[in-house]
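Undergrad: Enclosed is the structure file data_38.pdb (PDB, N, CA and C atoms).
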```pdb
ATOM      1  N   MET A 488       0.279 -31.646 -16.210
ATOM      2  CA  MET A 488      -0.701 -31.279 -17.217
ATOM      3  C   MET A 488      -1.653 -30.234 -16.633
ATOM      4  N   ILE A 489      -1.838 -29.187 -17.357
ATOM      5  CA  ILE A 489      -2.726 -28.107 -16.918
ATOM      6  C   ILE A 489      -4.143 -28.416 -17.409
ATOM      7  N   PRO A 490      -5.136 -28.331 -16.533
ATOM      8  CA  PRO A 490      -6.519 -28.555 -16.980
ATOM      9  C   PRO A 490      -6.920 -27.575 -18.085
ATOM     10  N   TRP A 491      -7.751 -28.044 -18.985
ATOM     11  CA  TRP A 491      -8.111 -27.259 -20.170
ATOM     12  C   TRP A 491      -8.820 -25.962 -19.801
ATOM     13  N   HIS A 492      -9.640 -25.956 -18.735
ATOM     14  CA  HIS A 492     -10.379 -24.737 -18.403
ATOM     15  C   HIS A 492      -9.459 -23.627 -17.899
ATOM     16  N   ILE A 493      -8.314 -23.988 -17.339
ATOM     17  CA  ILE A 493      -7.349 -22.969 -16.926
ATOM     18  C   ILE A 493      -6.668 -22.370 -18.150
ATOM     19  N   LEU A 494      -6.276 -23.213 -19.093
ATOM     20  CA  LEU A 494      -5.703 -22.707 -20.344
ATOM     21  C   LEU A 494      -6.702 -21.838 -21.090
ATOM     22  N   TYR A 495      -7.951 -22.255 -21.085
ATOM     23  CA  TYR A 495      -9.019 -21.490 -21.735
ATOM     24  C   TYR A 495      -9.137 -20.097 -21.110
ATOM     25  N   ALA A 496      -9.155 -20.042 -19.781
ATOM     26  CA  ALA A 496      -9.305 -18.762 -19.072
ATOM     27  C   ALA A 496      -8.122 -17.837 -19.336
ATOM     28  N   LEU A 497      -6.916 -18.378 -19.336
ATOM     29  CA  LEU A 497      -5.729 -17.546 -19.543
ATOM     30  C   LEU A 497      -5.573 -17.142 -21.011
ATOM     31  N   ASN A 498      -6.023 -17.986 -21.903
ATOM     32  CA  ASN A 498      -5.939 -17.666 -23.328
ATOM     33  C   ASN A 498      -6.920 -16.560 -23.711
ATOM     34  N   ARG A 499      -8.050 -16.502 -23.054
ATOM     35  CA  ARG A 499      -9.077 -15.527 -23.397
ATOM     36  C   ARG A 499      -8.894 -14.172 -22.741
ATOM     37  N   SER A 500      -8.024 -14.061 -21.735
ATOM     38  CA  SER A 500      -7.926 -12.811 -20.992
ATOM     39  C   SER A 500      -6.475 -12.353 -20.831
ATOM     40  N   ARG A 501      -6.136 -11.266 -21.483
ATOM     41  CA  ARG A 501      -4.814 -10.656 -21.355
ATOM     42  C   ARG A 501      -4.598 -10.183 -19.921
ATOM     43  N   VAL A 502      -5.638  -9.642 -19.306
ATOM     44  CA  VAL A 502      -5.518  -9.105 -17.948
ATOM     45  C   VAL A 502      -5.185 -10.222 -16.961
ATOM     46  N   LYS A 503      -5.821 -11.366 -17.089
ATOM     47  CA  LYS A 503      -5.520 -12.490 -16.190
ATOM     48  C   LYS A 503      -4.079 -12.937 -16.344
ATOM     49  N   ARG A 504      -3.597 -13.000 -17.573
ATOM     50  CA  ARG A 504      -2.199 -13.378 -17.800
ATOM     51  C   ARG A 504      -1.256 -12.354 -17.188
ATOM     52  N   GLU A 505      -1.553 -11.063 -17.368
ATOM     53  CA  GLU A 505      -0.693 -10.014 -16.815
ATOM     54  C   GLU A 505      -0.651 -10.070 -15.288
ATOM     55  N   ILE A 506      -1.794 -10.277 -14.674
ATOM     56  CA  ILE A 506      -1.853 -10.364 -13.207
ATOM     57  C   ILE A 506      -1.053 -11.562 -12.722
ATOM     58  N   LEU A 507      -1.240 -12.709 -13.367
ATOM     59  CA  LEU A 507      -0.529 -13.914 -12.966
ATOM     60  C   LEU A 507       0.977 -13.759 -13.161
ATOM     61  N   GLU A 508       1.389 -13.151 -14.263
ATOM     62  CA  GLU A 508       2.807 -12.906 -14.508
ATOM     63  C   GLU A 508       3.392 -11.987 -13.439
ATOM     64  N   PHE A 509       2.680 -10.912 -13.138
ATOM     65  CA  PHE A 509       3.155  -9.954 -12.142
ATOM     66  C   PHE A 509       3.310 -10.621 -10.779
ATOM     67  N   LEU A 510       2.305 -11.361 -10.347
ATOM     68  CA  LEU A 510       2.368 -12.011  -9.039
ATOM     69  C   LEU A 510       3.439 -13.098  -8.996
ATOM     70  N   ALA A 511       3.727 -13.724 -10.152
ATOM     71  CA  ALA A 511       4.755 -14.768 -10.195
ATOM     72  C   ALA A 511       6.152 -14.193  -9.993
ATOM     73  N   PHE A 512       6.359 -12.931 -10.341
ATOM     74  CA  PHE A 512       7.661 -12.304 -10.125
ATOM     75  C   PHE A 512       7.927 -12.059  -8.638
ATOM     76  N   TYR A 513       6.871 -11.948  -7.851
ATOM     77  CA  TYR A 513       6.980 -11.717  -6.408
ATOM     78  C   TYR A 513       6.124 -12.750  -5.677
ATOM     79  N   PRO A 514       6.529 -14.023  -5.682
ATOM     80  CA  PRO A 514       5.654 -15.078  -5.168
ATOM     81  C   PRO A 514       5.374 -15.023  -3.670
ATOM     82  N   ASN A 515       6.234 -14.427  -2.894
ATOM     83  CA  ASN A 515       6.036 -14.392  -1.444
ATOM     84  C   ASN A 515       5.459 -13.075  -0.957
ATOM     85  N   LYS A 516       5.264 -12.125  -1.852
ATOM     86  CA  LYS A 516       4.766 -10.814  -1.462
ATOM     87  C   LYS A 516       3.254 -10.744  -1.635
ATOM     88  N   ILE A 517       2.609 -10.006  -0.747
ATOM     89  CA  ILE A 517       1.156  -9.815  -0.806
ATOM     90  C   ILE A 517       0.882  -8.409  -1.333
ATOM     91  N   PHE A 518       0.014  -8.317  -2.328
ATOM     92  CA  PHE A 518      -0.335  -7.046  -2.954
ATOM     93  C   PHE A 518      -1.809  -6.750  -2.756
ATOM     94  N   THR A 519      -2.129  -5.477  -2.620
ATOM     95  CA  THR A 519      -3.531  -5.064  -2.574
ATOM     96  C   THR A 519      -4.059  -4.966  -4.005
ATOM     97  N   LEU A 520      -5.357  -4.851  -4.112
ATOM     98  CA  LEU A 520      -5.998  -4.735  -5.418
ATOM     99  C   LEU A 520      -5.493  -3.512  -6.175
ATOM    100  N   SER A 521      -5.372  -2.393  -5.479
ATOM    101  CA  SER A 521      -4.920  -1.161  -6.140
ATOM    102  C   SER A 521      -3.464  -1.249  -6.579
ATOM    103  N   GLU A 522      -2.628  -1.947  -5.833
ATOM    104  CA  GLU A 522      -1.235  -2.124  -6.241
ATOM    105  C   GLU A 522      -1.138  -2.970  -7.506
ATOM    106  N   ILE A 523      -1.920  -4.025  -7.570
ATOM    107  CA  ILE A 523      -1.922  -4.874  -8.766
ATOM    108  C   ILE A 523      -2.393  -4.074  -9.972
ATOM    109  N   ALA A 524      -3.440  -3.281  -9.793
ATOM    110  CA  ALA A 524      -3.955  -2.454 -10.890
ATOM    111  C   ALA A 524      -2.896  -1.452 -11.346
ATOM    112  N   LYS A 525      -2.202  -0.852 -10.401
ATOM    113  CA  LYS A 525      -1.185   0.150 -10.730
ATOM    114  C   LYS A 525      -0.018  -0.471 -11.487
ATOM    115  N   TYR A 526       0.510  -1.584 -10.988
ATOM    116  CA  TYR A 526       1.704  -2.178 -11.580
ATOM    117  C   TYR A 526       1.420  -2.907 -12.888
ATOM    118  N   THR A 527       0.199  -3.359 -13.101
ATOM    119  CA  THR A 527      -0.142  -4.007 -14.373
ATOM    120  C   THR A 527      -0.764  -3.028 -15.354
ATOM    121  N   ASN A 528      -0.955  -1.794 -14.925
ATOM    122  CA  ASN A 528      -1.510  -0.736 -15.770
ATOM    123  C   ASN A 528      -2.913  -1.089 -16.280
ATOM    124  N   ASN A 529      -3.764  -1.528 -15.363
ATOM    125  CA  ASN A 529      -5.152  -1.859 -15.670
ATOM    126  C   ASN A 529      -6.075  -1.123 -14.700
ATOM    127  N   TYR A 530      -7.331  -1.020 -15.086
ATOM    128  CA  TYR A 530      -8.313  -0.395 -14.204
ATOM    129  C   TYR A 530      -8.586  -1.290 -12.995
ATOM    130  N   LEU A 531      -8.909  -0.655 -11.887
ATOM    131  CA  LEU A 531      -9.195  -1.362 -10.652
ATOM    132  C   LEU A 531     -10.354  -2.345 -10.819
ATOM    133  N   SER A 532     -11.413  -1.916 -11.494
ATOM    134  CA  SER A 532     -12.571  -2.790 -11.685
ATOM    135  C   SER A 532     -12.235  -3.978 -12.585
ATOM    136  N   THR A 533     -11.338  -3.790 -13.543
ATOM    137  CA  THR A 533     -10.925  -4.882 -14.418
ATOM    138  C   THR A 533     -10.114  -5.919 -13.649
ATOM    139  N   VAL A 534      -9.214  -5.460 -12.804
ATOM    140  CA  VAL A 534      -8.410  -6.369 -11.982
ATOM    141  C   VAL A 534      -9.310  -7.119 -11.001
ATOM    142  N   HIS A 535     -10.249  -6.406 -10.388
ATOM    143  CA  HIS A 535     -11.189  -7.056  -9.469
ATOM    144  C   HIS A 535     -11.987  -8.132 -10.200
ATOM    145  N   GLY A 536     -12.430  -7.846 -11.400
ATOM    146  CA  GLY A 536     -13.177  -8.817 -12.185
ATOM    147  C   GLY A 536     -12.348 -10.033 -12.550
ATOM    148  N   ALA A 537     -11.092  -9.825 -12.889
ATOM    149  CA  ALA A 537     -10.224 -10.948 -13.241
ATOM    150  C   ALA A 537      -9.937 -11.831 -12.032
ATOM    151  N   LEU A 538      -9.846 -11.226 -10.854
ATOM    152  CA  LEU A 538      -9.570 -11.994  -9.638
ATOM    153  C   LEU A 538     -10.811 -12.683  -9.085
ATOM    154  N   HIS A 539     -11.929 -11.977  -9.038
ATOM    155  CA  HIS A 539     -13.135 -12.482  -8.385
ATOM    156  C   HIS A 539     -14.240 -12.896  -9.347
ATOM    157  N   GLY A 540     -14.230 -12.366 -10.540
ATOM    158  CA  GLY A 540     -15.338 -12.556 -11.468
ATOM    159  C   GLY A 540     -16.211 -11.307 -11.451
ATOM    160  N   LEU A 541     -16.816 -11.011 -12.572
ATOM    161  CA  LEU A 541     -17.622  -9.812 -12.691
ATOM    162  C   LEU A 541     -18.782 -10.130 -13.619
ATOM    163  N   LYS A 542     -19.970  -9.936 -13.146
ATOM    164  CA  LYS A 542     -21.149 -10.302 -13.913
ATOM    165  C   LYS A 542     -21.149  -9.606 -15.278
ATOM    166  N   GLY A 543     -21.305 -10.393 -16.319
ATOM    167  CA  GLY A 543     -21.372  -9.869 -17.668
ATOM    168  C   GLY A 543     -20.036  -9.733 -18.363
ATOM    169  N   HIS A 544     -18.929  -9.742 -17.618
ATOM    170  CA  HIS A 544     -17.620  -9.555 -18.253
ATOM    171  C   HIS A 544     -16.687 -10.734 -17.978
ATOM    172  N   TYR A 545     -16.519 -11.093 -16.726
ATOM    173  CA  TYR A 545     -15.690 -12.230 -16.338
ATOM    174  C   TYR A 545     -16.572 -13.248 -15.625
ATOM    175  N   LYS A 546     -16.475 -14.501 -16.031
ATOM    176  CA  LYS A 546     -17.242 -15.560 -15.377
ATOM    177  C   LYS A 546     -16.619 -15.872 -14.020
ATOM    178  N   ASN A 547     -17.479 -16.067 -13.023
ATOM    179  CA  ASN A 547     -16.997 -16.344 -11.675
ATOM    180  C   ASN A 547     -16.184 -17.633 -11.606
ATOM    181  N   ASP A 548     -16.598 -18.659 -12.357
ATOM    182  CA  ASP A 548     -15.883 -19.929 -12.289
ATOM    183  C   ASP A 548     -14.553 -19.907 -13.034
ATOM    184  N   LEU A 549     -14.297 -18.874 -13.829
ATOM    185  CA  LEU A 549     -13.018 -18.731 -14.526
ATOM    186  C   LEU A 549     -12.164 -17.608 -13.944
ATOM    187  N   ALA A 550     -12.544 -17.097 -12.778
ATOM    188  CA  ALA A 550     -11.756 -16.071 -12.092
ATOM    189  C   ALA A 550     -10.495 -16.715 -11.513
ATOM    190  N   LEU A 551      -9.445 -15.922 -11.361
ATOM    191  CA  LEU A 551      -8.162 -16.452 -10.896
ATOM    192  C   LEU A 551      -8.256 -17.086  -9.508
ATOM    193  N   ILE A 552      -9.060 -16.518  -8.633
ATOM    194  CA  ILE A 552      -9.217 -17.091  -7.293
ATOM    195  C   ILE A 552      -9.986 -18.402  -7.369
ATOM    196  N   SER A 553     -11.040 -18.447  -8.170
ATOM    197  CA  SER A 553     -11.829 -19.671  -8.314
ATOM    198  C   SER A 553     -11.029 -20.806  -8.939
ATOM    199  N   LEU A 554     -10.096 -20.464  -9.814
ATOM    200  CA  LEU A 554      -9.260 -21.477 -10.458
ATOM    201  C   LEU A 554      -8.141 -21.970  -9.544
ATOM    202  N   GLY A 555      -7.935 -21.293  -8.419
ATOM    203  CA  GLY A 555      -6.893 -21.693  -7.475
ATOM    204  C   GLY A 555      -5.508 -21.193  -7.838
ATOM    205  N   LEU A 556      -5.442 -20.203  -8.719
ATOM    206  CA  LEU A 556      -4.147 -19.662  -9.141
ATOM    207  C   LEU A 556      -3.679 -18.530  -8.242
ATOM    208  N   VAL A 557      -4.621 -17.828  -7.630
ATOM    209  CA  VAL A 557      -4.332 -16.700  -6.737
ATOM    210  C   VAL A 557      -5.145 -16.906  -5.469
ATOM    211  N   GLU A 558      -4.571 -16.531  -4.341
ATOM    212  CA  GLU A 558      -5.304 -16.609  -3.078
ATOM    213  C   GLU A 558      -5.487 -15.220  -2.494
ATOM    214  N   MET A 559      -6.619 -15.048  -1.802
ATOM    215  CA  MET A 559      -6.918 -13.789  -1.139
ATOM    216  C   MET A 559      -6.620 -13.955   0.345
ATOM    217  N   ILE A 560      -5.917 -12.981   0.906
ATOM    218  CA  ILE A 560      -5.523 -13.025   2.310
ATOM    219  C   ILE A 560      -6.077 -11.788   2.996
ATOM    220  N   GLN A 561      -6.736 -11.990   4.113
ATOM    221  CA  GLN A 561      -7.287 -10.881   4.890
ATOM    222  C   GLN A 561      -6.170 -10.314   5.754
ATOM    223  N   CYS A 562      -5.655  -9.129   5.376
ATOM    224  CA  CYS A 562      -4.541  -8.511   6.103
ATOM    225  C   CYS A 562      -5.019  -7.791   7.358
ATOM    226  N   ASN A 563      -6.058  -7.009   7.237
ATOM    227  CA  ASN A 563      -6.696  -6.313   8.349
ATOM    228  C   ASN A 563      -8.177  -6.632   8.272
ATOM    229  N   ASN A 564      -8.964  -5.951   9.065
ATOM    230  CA  ASN A 564     -10.409  -6.128   8.959
ATOM    231  C   ASN A 564     -10.927  -5.655   7.612
ATOM    232  N   ARG A 565     -10.278  -4.653   7.041
ATOM    233  CA  ARG A 565     -10.778  -4.056   5.797
ATOM    234  C   ARG A 565      -9.895  -4.316   4.592
ATOM    235  N   ILE A 566      -8.618  -4.585   4.803
ATOM    236  CA  ILE A 566      -7.683  -4.704   3.686
ATOM    237  C   ILE A 566      -7.518  -6.173   3.292
ATOM    238  N   LYS A 567      -7.648  -6.430   1.984
ATOM    239  CA  LYS A 567      -7.455  -7.771   1.451
ATOM    240  C   LYS A 567      -6.209  -7.769   0.589
ATOM    241  N   GLY A 568      -5.407  -8.789   0.737
ATOM    242  CA  GLY A 568      -4.200  -8.922  -0.066
ATOM    243  C   GLY A 568      -4.301 -10.133  -0.968
ATOM    244  N   TYR A 569      -3.502 -10.131  -2.020
ATOM    245  CA  TYR A 569      -3.524 -11.210  -2.994
ATOM    246  C   TYR A 569      -2.100 -11.661  -3.280
ATOM    247  N   ARG A 570      -1.931 -12.975  -3.430
ATOM    248  CA  ARG A 570      -0.639 -13.518  -3.849
ATOM    249  C   ARG A 570      -0.887 -14.796  -4.654
ATOM    250  N   ILE A 571       0.098 -15.156  -5.423
ATOM    251  CA  ILE A 571      -0.010 -16.332  -6.270
ATOM    252  C   ILE A 571       0.146 -17.590  -5.414
ATOM    253  N   THR A 572      -0.541 -18.647  -5.790
ATOM    254  CA  THR A 572      -0.434 -19.914  -5.076
ATOM    255  C   THR A 572       0.687 -20.753  -5.693
ATOM    256  N   GLY A 573       1.027 -21.837  -5.031
ATOM    257  CA  GLY A 573       2.013 -22.761  -5.579
ATOM    258  C   GLY A 573       1.550 -23.350  -6.904
ATOM    259  N   PHE A 574       0.252 -23.645  -6.985
ATOM    260  CA  PHE A 574      -0.318 -24.152  -8.233
ATOM    261  C   PHE A 574      -0.214 -23.101  -9.334
ATOM    262  N   GLY A 575      -0.446 -21.839  -8.989
ATOM    263  CA  GLY A 575      -0.329 -20.750  -9.957
ATOM    264  C   GLY A 575       1.082 -20.613 -10.494
ATOM    265  N   ILE A 576       2.069 -20.797  -9.630
ATOM    266  CA  ILE A 576       3.467 -20.732 -10.063
ATOM    267  C   ILE A 576       3.772 -21.871 -11.024
ATOM    268  N   ARG A 577       3.289 -23.083 -10.692
ATOM    269  CA  ARG A 577       3.515 -24.223 -11.593
ATOM    270  C   ARG A 577       2.857 -23.999 -12.947
ATOM    271  N   VAL A 578       1.652 -23.435 -12.943
ATOM    272  CA  VAL A 578       0.941 -23.170 -14.201
ATOM    273  C   VAL A 578       1.700 -22.153 -15.036
ATOM    274  N   ILE A 579       2.123 -21.055 -14.436
ATOM    275  CA  ILE A 579       2.792 -20.000 -15.196
ATOM    276  C   ILE A 579       4.138 -20.491 -15.730
ATOM    277  N   LYS A 580       4.851 -21.315 -14.982
ATOM    278  CA  LYS A 580       6.121 -21.862 -15.469
ATOM    279  C   LYS A 580       5.892 -22.832 -16.620
ATOM    280  N   THR A 581       4.874 -23.646 -16.514
ATOM    281  CA  THR A 581       4.556 -24.592 -17.589
ATOM    282  C   THR A 581       4.165 -23.857 -18.855
ATOM    283  N   ILE A 582       3.350 -22.837 -18.714
ATOM    284  CA  ILE A 582       2.918 -22.059 -19.879
ATOM    285  C   ILE A 582       4.101 -21.333 -20.498
ATOM    286  N   ALA A 583       4.963 -20.786 -19.671
ATOM    287  CA  ALA A 583       6.110 -20.025 -20.177
ATOM    288  C   ALA A 583       7.080 -20.917 -20.949
ATOM    289  N   THR A 584       7.183 -22.188 -20.582
ATOM    290  CA  THR A 584       8.116 -23.074 -21.267
ATOM    291  C   THR A 584       7.453 -23.876 -22.386
ATOM    292  N   SER A 585       6.242 -24.366 -22.161
ATOM    293  CA  SER A 585       5.603 -25.258 -23.126
ATOM    294  C   SER A 585       4.789 -24.555 -24.197
ATOM    295  N   TYR A 586       4.139 -23.479 -23.823
ATOM    296  CA  TYR A 586       3.205 -22.830 -24.731
ATOM    297  C   TYR A 586       3.695 -21.443 -25.137
ATOM    298  N   ARG A 587       4.989 -21.271 -25.290
ATOM    299  CA  ARG A 587       5.573 -19.958 -25.540
ATOM    300  C   ARG A 587       4.990 -19.276 -26.779
ATOM    301  N   ARG A 588       4.704 -20.012 -27.826
ATOM    302  CA  ARG A 588       4.183 -19.400 -29.042
ATOM    303  C   ARG A 588       2.744 -18.935 -28.877
ATOM    304  N   LYS A 589       1.963 -19.651 -28.096
ATOM    305  CA  LYS A 589       0.562 -19.293 -27.943
ATOM    306  C   LYS A 589       0.368 -18.166 -26.937
ATOM    307  N   PHE A 590       1.144 -18.165 -25.876
ATOM    308  CA  PHE A 590       1.032 -17.162 -24.829
ATOM    309  C   PHE A 590       2.258 -16.259 -24.853
ATOM    310  N   SER A 591       2.041 -15.013 -24.555
ATOM    311  CA  SER A 591       3.163 -14.063 -24.515
ATOM    312  C   SER A 591       3.591 -13.846 -23.078
ATOM    313  N   LEU A 592       4.168 -14.883 -22.470
ATOM    314  CA  LEU A 592       4.571 -14.798 -21.070
ATOM    315  C   LEU A 592       6.076 -14.626 -20.979
ATOM    316  N   TYR A 593       6.505 -14.087 -19.881
ATOM    317  CA  TYR A 593       7.910 -13.862 -19.658
ATOM    318  C   TYR A 593       8.578 -15.170 -19.247
ATOM    319  N   ASN A 594       9.873 -15.210 -19.355
ATOM    320  CA  ASN A 594      10.633 -16.363 -18.937
ATOM    321  C   ASN A 594      10.802 -16.316 -17.429
ATOM    322  N   ILE A 595      10.226 -17.246 -16.757
ATOM    323  CA  ILE A 595      10.274 -17.243 -15.277
ATOM    324  C   ILE A 595      11.198 -18.341 -14.804
TER     325      ILE A 595
END
```
Would you write out, as C-alpha cells, the structure that this file holds?

TA:
Amino acid sequence: MIPWHILYALNRSRVKREILEFLAFYPNKIFTLSEIAKYTNNYLSTVHGALHGLKGHYKNDLALISLGLVEMIQCNNRIKGYRITGFGIRVIKTIATSYRRKFSLYNI
C-alpha cells in the first residue's frame, strides 16, 4: 500500500512523475541534475524543485528526495548524482499496474 501523501505528490506534479518514470528505466544508473532535465525535457530549476523542494512552488516535504523515492549521491566534491530507490521502484510499479487510469505512467 502506498501512503496517501506520496500519491498526492505524484498526482499533483507531472514533472515528479516524469522524473520518477525516467529514473525507473535506469534503476542502477546515476544521473546529474542537468541530465535529468535534458532527458525529461524540463527546466533545470523545475527538476531541482521536484527533487529538493522549492519555496513557493514545490513543498519540501513532498519533494522526491524527502519522500524517499529518489536518493542523492555525492559523486565528487561538487557533483551530485541522483537515482531511484528501491521504494521508488516499488511505488512506480504499483502505480503503473494499479492506478493506470489515474496516472499516465509507462508499463515497467

Undergrad: DSSP says helix (DSSP H, G or I) for which residues of chain A? Put them as a PyMOL selection string?

TA: chain A and resi 491-499+501-512+520-527+531-539+547-549+573-585

Undergrad: Can you give me, as a list of chain:residue names, the residues this file yields under the PyMOL selection byres ((chain A and resi 502-507) around 8)?

TA: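 What the PyMOL selection byres ((chain A and resi 502-507) around 8) grabs from the file is A:Ala496, A:Leu497, A:Asn498, A:Arg499, A:Ser500, A:Arg501, A:Glu508, A:Phe509, A:Leu510, A:Ala511, A:Phe512, A:Ile523, A:Tyr526, A:Thr527, A:Asn529, A:Thr533, A:Val534, A:Ala537, A:Leu538, A:Leu551, A:Leu556, A:Val557, A:Ile571, A:Gly575, A:Ile576, A:Ile579, A:Ser591, A:Leu592.
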
Undergrad: Near A:Gly540, within 12 Å and counting only C-alpha atoms, which residues show up once chain neighbours fewer than 4 positions away are dropped, as a ChimeraX atom specification?

TA: /A:496,503,532-536,544-554

Undergrad: Would you list, as a ChimeraX atom specification, the residues of chain A that end up in strand (DSSP E) under DSSP run on this structure's backbone?

TA: /A:557-561,567-571

Undergrad: In Å, how far is it from atom N of A:Tyr530 to atom N of A:Lys567?

TA: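 Atom N of A:Lys567 lies 17.9 Å from atom N of A:Tyr530.
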
Undergrad: Got a sec: who's within 6.5 Å of A:Leu520, counting only N, CA and C atoms, leaving out chain neighbours fewer than 6 positions off, as a list in words?

TA: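 So, after excluding close chain neighbours, the residues are Leu531, Lys567, Gly568 and Tyr569 of chain A.
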
Undergrad: Which value, in Å to one decimal, gives the distance between atom N of A:Arg570 and atom CA of A:Glu558?

TA: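 For atom N of A:Arg570 relative to atom CA of A:Glu558, the distance reads 5.0 Å.
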
Undergrad: By how many Å are atom N of A:His539 and atom C of A:Asn564 apart?

TA: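 We find that atom N of A:His539 and atom C of A:Asn564 lie 17.8 Å from each other.
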